[in-house]
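One structure below.
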There are 2 protein chains.
Amino acid sequence: MVIETIREKGADFFVMQSGNANFLYATKFRSSSMMFYIVGTDGTELLLLPEMELRRALRESRVKEIASYEMLGYEEKIKEFKNPKNAIAEILVQVLKEGRAKKVLIPNDFPSFFAFILQKNMEVEVIDNPFLKQRAIKSGQEVAEIRENCQKIVQIFPKIMKMIRNKRSSCEEIRSFLEKELWIRGLIAEDTICSTGKLSADPHELGSGKIEEHVLIDVFPRNRKGYYADFTRTVIIEQNSKLKEMLSAVIEAQKKAFSMLRDGVNGRDVHNAVKDVLRSYGFETKKGEGFIHSTGHGIGLEVHEEPRIGDSDVELKSGMVVTIEPGLYYKDVGGVRVEDVVLIKKDGCEILTPFERFLVQCNP
Amino acid sequence: MVIETIREKGADFFVMQSGNANFLYATKFRSSSMMFYIVGTDGTELLLLPEMELRRALRESRVKEIASYEMLGYEEKIKEFKNPKNAIAEILVQVLKEGRAKKVLIPNDFPSFFAFILQKNMEVEVIDNPFLKQRAIKSGQEVAEIRENCQKIVQIFPKIMKMIRNKRSSCEEIRSFLEKELWIRGLIAEDTICSTGKLSADPHELGSGKIEEHVLIDVFPRNRKGYYADFTRTVIIEQNSKLKEMLSAVIEAQKKAFSMLRDGVNGRDVHNAVKDVLRSYGFETKKGEGFIHSTGHGIGLEVHEEPRIGDSDVELKSGMVVTIEPGLYYKDVGGVRVEDVVLIKKDGCEILTPFERFLVQCNP
């Protein structure tokens, strides 16, 4: 896919820096060092990195052609340029010029420092990283990673329900228990949302204190290979007809989305259908209240990745793994959200986080 | 410090994007959303973010002037530009133009997509992020966070020694035990190095299998506020005179560095002194073997941050927290490294990870 993009754009190379999921996906090499990955029109690949990573990269990376900065004159260049970053930029330019680069493509998040130096030496065009599109369609192995994460969450959730039922735990206690149970199963969860009361009208409020009338739990753990899951449930504890009505609408909207998901559907149509259901329940969106975020997002090596299911056109395809997470938020009431991870298939979809949606736990 | 930089450079604003430690440090606001932080010559600050983060940011951020994209015409712009990124870029340009920006500064890692659009509208200069320098000197609270992390590691390490002594555990068992003990104490450790044998000649080899003649353990946990610690010990298990000689040299080199650390010393001089000690033991560095990395780095909201103690000039100052981690690596033998976290003071330094350095555990 990246080669096609290079050709379409009339460029010679695509260059990407380390420190992000695209780099890990493309090179299968994990390191905190500053590295570059270069692809040419003919599919030639090159990984540039510090000498101290060379042997390990030769063993571990999918990319077979690897050069160290030191092999390319780093020692003289650091004397000339005084600082490592400039020396490395000079090496990058030199490598591209040796490849007769007249035009290179860089991804949106490419660091400006290097982009501006490249610009002085050749034409530079910023593009959406082609690997983002490639990553959106998961391999069987990737689906298996995410599926396993989802199963672990679903296994733990009955314990969370019991915790809420038995003793009205605090947000902190629930968060800490949930993150511990996930950790035991090999997953790292941070910033788990466990919010209650009116502050839950802010979708990313972490939450604190005793649970009031309801609780919104949103957890997005990651396994050691870097794959995520993402799951939200809202539990209503006290009788509150407004919250119940909101939760019913959100669940109905989610069902509507599930019914539309299949290969070829436009994500924007799904988002619009979700909005319609919520509106049909009388829930309006304005001034930071109502349904104030998008319907969902891809999930994989990042918790939010392609495709985005919202106001933009996007063709959903078989093999994509996305969240469907309608929510409603009103300052005077609080927020509710229900979120599941879904695998898109040719003729429908499979919910990877099968767990009851309408959750009401009355006081003992 | 940022205001001085803006004035020195004859610029009107400094603009930084979210998703990095500098942003968290500057705004004290944590979110996965795409946000921008803008500072003007007169110290005016502005935080730009999606409406769904607005109320939470008003509660949590240090920055008091906050505007949402929606307040600035996002809805019309998304219709015009079709995609969120372009709509947000347009809003950023509009805000800067309303502030009569003729020249703006952006940090090295600012995403090229936004930099190139800014460039079409005003002069743009890429600079070292001024917050990197500011972050290098820790506040009392920051030192306390790092100190506490260090103490937790040092508390656990005797258990690791016992584990090695008692049953020659595997690298995986040691890593897993260490990460679990840290997790229990509120710290998240990932990619903990526990390497053995000849592969340990690669400083970032994670390690696997039964421990051979020695083991190198390098752990860098982070607490929930985002602060790191970083600690390495090498334990020699079998009699191996080469490894012992290497470890002695490294410990001697580290001591030499400690003796030099104080307010005002040049990091490059410390690095050179470390190299001299290793050379005096007969250990040469060439072709990816020997002392193949720098002497140390600052530690804080990132595991590697300013100052870098290596081949470049850098004035070490009181209040900096750095690692001192000489190592030696030879393909035919393996690698040894000893790393401590150190607080630089006016007339010396304080080691925050006090734990025995020369570690030999003979077979039972």
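Within each chain, counting starts at residue 1; across the structure tokens, chains are named A, B, ... in the order shown, with ligands numbered 1 upward in that order.
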Would you list the contacts of B:Val274 as a VMD selection string, taking every protein, DNA or RNA residue within 6 Å and counting only C-alpha atoms, but skipping same-chain residues closer than 3 positions in sequence? chain B and resid 253 271 277
Contacts of A:Ser318 at 7 Å (only C-alpha atoms; same-chain gap of 2+ positions) as a list in words: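 These residues fall inside the cut-off: Arg262, Asp263, Met320, Ile344, Lys345 and Lys346 of chain A.
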Export of the given selection (N, CA and C atoms) as a CSV table (one decimal), in the first residue's frame:
```csv
chain,number,residue,atom,x,y,z
A,262,ARG,N,-21.4,-4.0,8.3
A,262,ARG,CA,-21.0,-5.1,7.4
A,262,ARG,C,-20.0,-4.5,6.4
A,263,ASP,N,-19.3,-5.3,5.7
A,263,ASP,CA,-18.4,-4.9,4.7
A,263,ASP,C,-19.0,-3.9,3.7
A,320,MET,N,-12.0,-5.2,9.9
A,320,MET,CA,-11.8,-4.1,10.8
A,320,MET,C,-12.4,-4.4,12.1
A,344,ILE,N,-15.9,-6.5,12.1
A,344,ILE,CA,-16.7,-6.3,10.9
A,344,ILE,C,-16.5,-7.5,10.0
A,345,LYS,N,-17.6,-8.1,9.5
A,345,LYS,CA,-17.5,-9.3,8.6
A,345,LYS,C,-18.2,-9.0,7.3
A,346,LYS,N,-18.1,-9.9,6.4
A,346,LYS,CA,-18.7,-9.7,5.1
A,346,LYS,C,-20.1,-9.3,5.2
```
With a distance cut-off of 9 Å and only C-alpha atoms, select the neighbouring residues of B:Glu51, excluding the residue or stretch itself and same-chain residues fewer than 3 positions from it, and output the selection as a PyMOL selection string. (chain A and resi 287-288+292) or (chain B and resi 54-55+67-71)
Would you write out those residues with N, CA and C atoms, as a PDB file, in the first residue's frame?
```pdb
ATOM      1  N   LYS A 287     -24.505  22.594  22.502  1.00  0.00           N
ATOM      2  CA  LYS A 287     -23.694  23.269  23.523  1.00  0.00           C
ATOM      3  C   LYS A 287     -23.015  22.308  24.494  1.00  0.00           C
ATOM      4  N   GLY A 288     -22.345  21.324  23.955  1.00  0.00           N
ATOM      5  CA  GLY A 288     -21.575  20.422  24.808  1.00  0.00           C
ATOM      6  C   GLY A 288     -22.408  19.442  25.598  1.00  0.00           C
ATOM      7  N   ILE A 292     -22.100  13.913  22.348  1.00  0.00           N
ATOM      8  CA  ILE A 292     -21.063  14.896  22.021  1.00  0.00           C
ATOM      9  C   ILE A 292     -19.758  14.283  21.523  1.00  0.00           C
TER      10      ILE A 292
ATOM     11  N   LEU B  54     -13.887  20.373  27.421  1.00  0.00           N
ATOM     12  CA  LEU B  54     -13.861  21.748  27.931  1.00  0.00           C
ATOM     13  C   LEU B  54     -14.088  21.858  29.442  1.00  0.00           C
ATOM     14  N   ARG B  55     -15.208  21.292  29.909  1.00  0.00           N
ATOM     15  CA  ARG B  55     -15.527  21.449  31.337  1.00  0.00           C
ATOM     16  C   ARG B  55     -14.458  20.809  32.222  1.00  0.00           C
ATOM     17  N   ALA B  67     -10.364  27.422  25.020  1.00  0.00           N
ATOM     18  CA  ALA B  67     -11.423  27.531  24.006  1.00  0.00           C
ATOM     19  C   ALA B  67     -11.594  26.192  23.323  1.00  0.00           C
ATOM     20  N   SER B  68     -12.837  25.874  22.968  1.00  0.00           N
ATOM     21  CA  SER B  68     -13.067  24.626  22.249  1.00  0.00           C
ATOM     22  C   SER B  68     -13.110  24.919  20.755  1.00  0.00           C
ATOM     23  N   TYR B  69     -12.761  23.911  19.971  1.00  0.00           N
ATOM     24  CA  TYR B  69     -12.843  24.047  18.512  1.00  0.00           C
ATOM     25  C   TYR B  69     -14.265  24.453  18.114  1.00  0.00           C
ATOM     26  N   GLU B  70     -15.229  23.868  18.810  1.00  0.00           N
ATOM     27  CA  GLU B  70     -16.640  24.141  18.491  1.00  0.00           C
ATOM     28  C   GLU B  70     -16.966  25.616  18.699  1.00  0.00           C
ATOM     29  N   MET B  71     -16.393  26.225  19.754  1.00  0.00           N
ATOM     30  CA  MET B  71     -16.614  27.652  20.003  1.00  0.00           C
ATOM     31  C   MET B  71     -16.036  28.500  18.879  1.00  0.00           C
TER      32      MET B  71
END
```
For chain B against chain A, which residues fall within 7 Å using only C-alpha atoms, given as number ranges by chain? B: 51-53, 55-56, 82-83, 108-113, 115, 126, 202-203, 205, 288, 292, 312
Residue among A:Phe131, A:Phe283, A:Phe220, A:Phe231 lying closest to A:Val154, counting only C-alpha atoms: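 Among the listed residues, A:Phe231 lies closest to A:Val154.
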Set the distance at 10 Å and use only C-alpha atoms: which residues neighbour B:Gly207 once local chain neighbours fewer than 4 positions away are removed? I'd like the list as a PDB file with C-alpha atoms, in the first residue's frame.
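Listed below is the output, selection.pdb:
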```
ATOM      1  CA  SER B 170      14.759 -17.774  34.299  1.00  0.00           C
ATOM      2  CA  CYS B 171      14.882 -14.253  32.873  1.00  0.00           C
ATOM      3  CA  GLU B 172      11.115 -14.385  32.361  1.00  0.00           C
ATOM      4  CA  ARG B 175      11.094  -9.972  35.016  1.00  0.00           C
ATOM      5  CA  ASP B 191       9.973  -4.071  28.810  1.00  0.00           C
ATOM      6  CA  THR B 192      12.115  -4.726  31.866  1.00  0.00           C
ATOM      7  CA  ILE B 193      15.484  -5.974  30.733  1.00  0.00           C
ATOM      8  CA  CYS B 194      16.624  -9.218  32.289  1.00  0.00           C
ATOM      9  CA  SER B 195      19.271 -10.490  29.937  1.00  0.00           C
ATOM     10  CA  THR B 196      21.948 -13.103  30.196  1.00  0.00           C
ATOM     11  CA  GLY B 197      24.715 -14.695  28.151  1.00  0.00           C
ATOM     12  CA  LEU B 199      23.054 -11.555  23.854  1.00  0.00           C
ATOM     13  CA  SER B 200      23.376  -9.159  26.787  1.00  0.00           C
ATOM     14  CA  ASP B 202      23.124  -5.682  23.129  1.00  0.00           C
ATOM     15  CA  ILE B 211      20.346 -17.408  33.484  1.00  0.00           C
ATOM     16  CA  VAL B 215      22.325 -11.474  34.543  1.00  0.00           C
ATOM     17  CA  LEU B 216      21.746  -7.793  33.726  1.00  0.00           C
ATOM     18  CA  ILE B 217      18.519  -6.343  35.148  1.00  0.00           C
TER      19      ILE B 217
END
```
Looking at only C-alpha atoms, which of B:Leu72, B:Leu132, B:Ile174, B:Leu105 is the one that sits closest to B:Ile38? B:Leu105
Tell me which of A:Arg222, A:Lys133, A:Lys9, A:Arg279 sits closest to A:Met246, counting only C-alpha atoms. A:Arg279
Would you please give, as number ranges by chain, all residues of stretch 196-284 of chain A that DSSP assigns to helix (DSSP H, G or I) based on the backbone? A: 198-201, 241-260, 267-280
Rank B:Glu65, B:Asp276, B:Glu76, B:Asp12 by their smallest atom-to-atom distance to B:Lys103, using only C-alpha atoms, and report the top residue only. B:Asp12
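In this structure, atom CA of B:Phe36 sits 26.1 Å away from atom CA of A:Thr323.
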Taking only stretch 76-291 of chain A into account, list the residues labelled strand (DSSP E) by DSSP (computed from the backbone), as an NGL selection string. :A and (103-107 or 123-127 or 193-196 or 214-219 or 231-236)
So that I have them on file, write out the residues from the current selection with N, CA and C atoms, as an mmCIF file, in the first residue's frame.
```
data_model
loop_
_atom_site.group_PDB
_atom_site.id
_atom_site.type_symbol
_atom_site.label_atom_id
_atom_site.label_comp_id
_atom_site.auth_asym_id
_atom_site.auth_seq_id
_atom_site.Cartn_x
_atom_site.Cartn_y
_atom_site.Cartn_z
ATOM 1 N N LYS A 103 11.792 13.847 -4.422
ATOM 2 C CA LYS A 103 10.579 14.107 -3.642
ATOM 3 C C LYS A 103 10.381 12.987 -2.623
ATOM 4 N N VAL A 104 10.154 13.356 -1.377
ATOM 5 C CA VAL A 104 9.862 12.340 -0.358
ATOM 6 C C VAL A 104 8.517 12.639 0.299
ATOM 7 N N LEU A 105 7.883 11.553 0.745
ATOM 8 C CA LEU A 105 6.622 11.668 1.481
ATOM 9 C C LEU A 105 6.902 11.445 2.958
ATOM 10 N N ILE A 106 6.262 12.225 3.798
ATOM 11 C CA ILE A 106 6.366 12.018 5.248
ATOM 12 C C ILE A 106 4.958 11.984 5.827
ATOM 13 N N PRO A 107 4.766 11.265 6.931
ATOM 14 C CA PRO A 107 3.419 11.210 7.524
ATOM 15 C C PRO A 107 3.109 12.489 8.307
ATOM 16 N N GLU A 123 11.925 18.091 -2.390
ATOM 17 C CA GLU A 123 10.501 18.353 -2.217
ATOM 18 C C GLU A 123 9.953 17.404 -1.146
ATOM 19 N N VAL A 124 9.115 17.933 -0.265
ATOM 20 C CA VAL A 124 8.554 17.122 0.818
ATOM 21 C C VAL A 124 7.036 17.280 0.806
ATOM 22 N N GLU A 125 6.327 16.156 0.805
ATOM 23 C CA GLU A 125 4.866 16.235 0.897
ATOM 24 C C GLU A 125 4.392 15.461 2.122
ATOM 25 N N VAL A 126 3.491 16.084 2.862
ATOM 26 C CA VAL A 126 2.932 15.439 4.058
ATOM 27 C C VAL A 126 1.687 14.651 3.661
ATOM 28 N N ILE A 127 1.614 13.408 4.081
ATOM 29 C CA ILE A 127 0.451 12.577 3.734
ATOM 30 C C ILE A 127 -0.084 11.837 4.968
ATOM 31 N N ILE A 193 -11.737 4.853 33.503
ATOM 32 C CA ILE A 193 -12.802 5.762 33.929
ATOM 33 C C ILE A 193 -13.780 5.000 34.808
ATOM 34 N N CYS A 194 -14.070 5.597 35.961
ATOM 35 C CA CYS A 194 -15.085 5.027 36.826
ATOM 36 C C CYS A 194 -15.752 6.248 37.443
ATOM 37 N N SER A 195 -16.706 6.806 36.720
ATOM 38 C CA SER A 195 -17.222 8.105 37.138
ATOM 39 C C SER A 195 -18.692 8.027 37.510
ATOM 40 N N THR A 196 -19.096 8.940 38.338
ATOM 41 C CA THR A 196 -20.437 8.905 38.909
ATOM 42 C C THR A 196 -20.951 10.330 39.057
ATOM 43 N N HIS A 214 -25.537 6.357 39.717
ATOM 44 C CA HIS A 214 -25.091 5.431 38.659
ATOM 45 C C HIS A 214 -23.573 5.502 38.560
ATOM 46 N N VAL A 215 -23.010 4.562 37.804
ATOM 47 C CA VAL A 215 -21.565 4.592 37.580
ATOM 48 C C VAL A 215 -21.277 4.209 36.128
ATOM 49 N N LEU A 216 -20.323 4.926 35.546
ATOM 50 C CA LEU A 216 -19.908 4.676 34.160
ATOM 51 C C LEU A 216 -18.468 4.159 34.223
ATOM 52 N N ILE A 217 -18.269 2.936 33.729
ATOM 53 C CA ILE A 217 -16.938 2.322 33.775
ATOM 54 C C ILE A 217 -16.438 2.116 32.348
ATOM 55 N N ASP A 218 -15.312 2.723 32.029
ATOM 56 C CA ASP A 218 -14.727 2.633 30.680
ATOM 57 C C ASP A 218 -13.274 2.213 30.847
ATOM 58 N N VAL A 219 -12.961 1.002 30.380
ATOM 59 C CA VAL A 219 -11.619 0.457 30.578
ATOM 60 C C VAL A 219 -11.011 0.099 29.223
ATOM 61 N N PHE A 231 -13.872 -0.990 26.444
ATOM 62 C CA PHE A 231 -15.172 -1.503 26.884
ATOM 63 C C PHE A 231 -15.796 -0.549 27.901
ATOM 64 N N THR A 232 -17.060 -0.273 27.728
ATOM 65 C CA THR A 232 -17.760 0.615 28.673
ATOM 66 C C THR A 232 -19.122 0.058 29.041
ATOM 67 N N ARG A 233 -19.428 0.120 30.310
ATOM 68 C CA ARG A 233 -20.784 -0.174 30.760
ATOM 69 C C ARG A 233 -21.211 0.897 31.760
ATOM 70 N N THR A 234 -22.509 1.171 31.751
ATOM 71 C CA THR A 234 -23.095 2.095 32.712
ATOM 72 C C THR A 234 -24.038 1.299 33.594
ATOM 73 N N VAL A 235 -23.876 1.418 34.886
ATOM 74 C CA VAL A 235 -24.733 0.681 35.826
ATOM 75 C C VAL A 235 -25.572 1.688 36.612
ATOM 76 N N ILE A 236 -26.866 1.505 36.565
ATOM 77 C CA ILE A 236 -27.765 2.390 37.311
ATOM 78 C C ILE A 236 -28.076 1.749 38.665
#
```
A:Ile351: which residues within 8 Å, counting only C-alpha atoms, same-chain residues fewer than 4 positions away excluded, as a list in words? Asp340, Val341, Val342 and Leu343 of chain A
Polymer residues at most 7 Å from B:Ser294, only C-alpha atoms, same-chain spacing of 2 or more positions, as a list in words: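 Listing them by chain and then by number gives Gly296, Ile309 and Gly310 of chain B.
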Hey, what's within 8 Å of B:Ser61 if we count only C-alpha atoms and toss same-chain stuff fewer than 2 positions away? As a VMD selection string, please? chain B and resid 27 to 29 57 to 59 63 to 64
Filtering to N, CA and C atoms, could you give me those residues as an mmCIF file, in the first residue's frame?
```cif
data_model
loop_
_atom_site.group_PDB
_atom_site.id
_atom_site.type_symbol
_atom_site.label_atom_id
_atom_site.label_comp_id
_atom_site.auth_asym_id
_atom_site.auth_seq_id
_atom_site.Cartn_x
_atom_site.Cartn_y
_atom_site.Cartn_z
ATOM 1 N N THR B 27 0.601 22.173 30.844
ATOM 2 C CA THR B 27 -0.833 22.432 31.030
ATOM 3 C C THR B 27 -1.415 21.731 32.248
ATOM 4 N N LYS B 28 -0.709 20.712 32.740
ATOM 5 C CA LYS B 28 -1.232 19.854 33.816
ATOM 6 C C LYS B 28 -2.594 19.275 33.427
ATOM 7 N N PHE B 29 -2.757 18.976 32.142
ATOM 8 C CA PHE B 29 -4.020 18.391 31.698
ATOM 9 C C PHE B 29 -3.735 17.162 30.843
ATOM 10 N N ALA B 57 -11.309 20.315 31.450
ATOM 11 C CA ALA B 57 -10.082 21.119 31.372
ATOM 12 C C ALA B 57 -10.199 22.360 32.255
ATOM 13 N N LEU B 58 -11.383 22.965 32.283
ATOM 14 C CA LEU B 58 -11.578 24.146 33.135
ATOM 15 C C LEU B 58 -11.382 23.782 34.604
ATOM 16 N N ARG B 59 -11.752 22.560 34.969
ATOM 17 C CA ARG B 59 -11.546 22.121 36.348
ATOM 18 C C ARG B 59 -10.102 21.742 36.621
ATOM 19 N N VAL B 63 -3.880 25.940 32.933
ATOM 20 C CA VAL B 63 -4.152 27.034 31.995
ATOM 21 C C VAL B 63 -5.591 27.487 32.189
ATOM 22 N N LYS B 64 -5.770 28.793 32.288
ATOM 23 C CA LYS B 64 -7.106 29.279 32.633
ATOM 24 C C LYS B 64 -7.917 29.709 31.415
#
```
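Using only C-alpha atoms for every distance, the candidate list B:Lys102, B:Gly226, B:Ala89, B:Ala11 yields B:Ala89 as the residue closest to B:Leu48.
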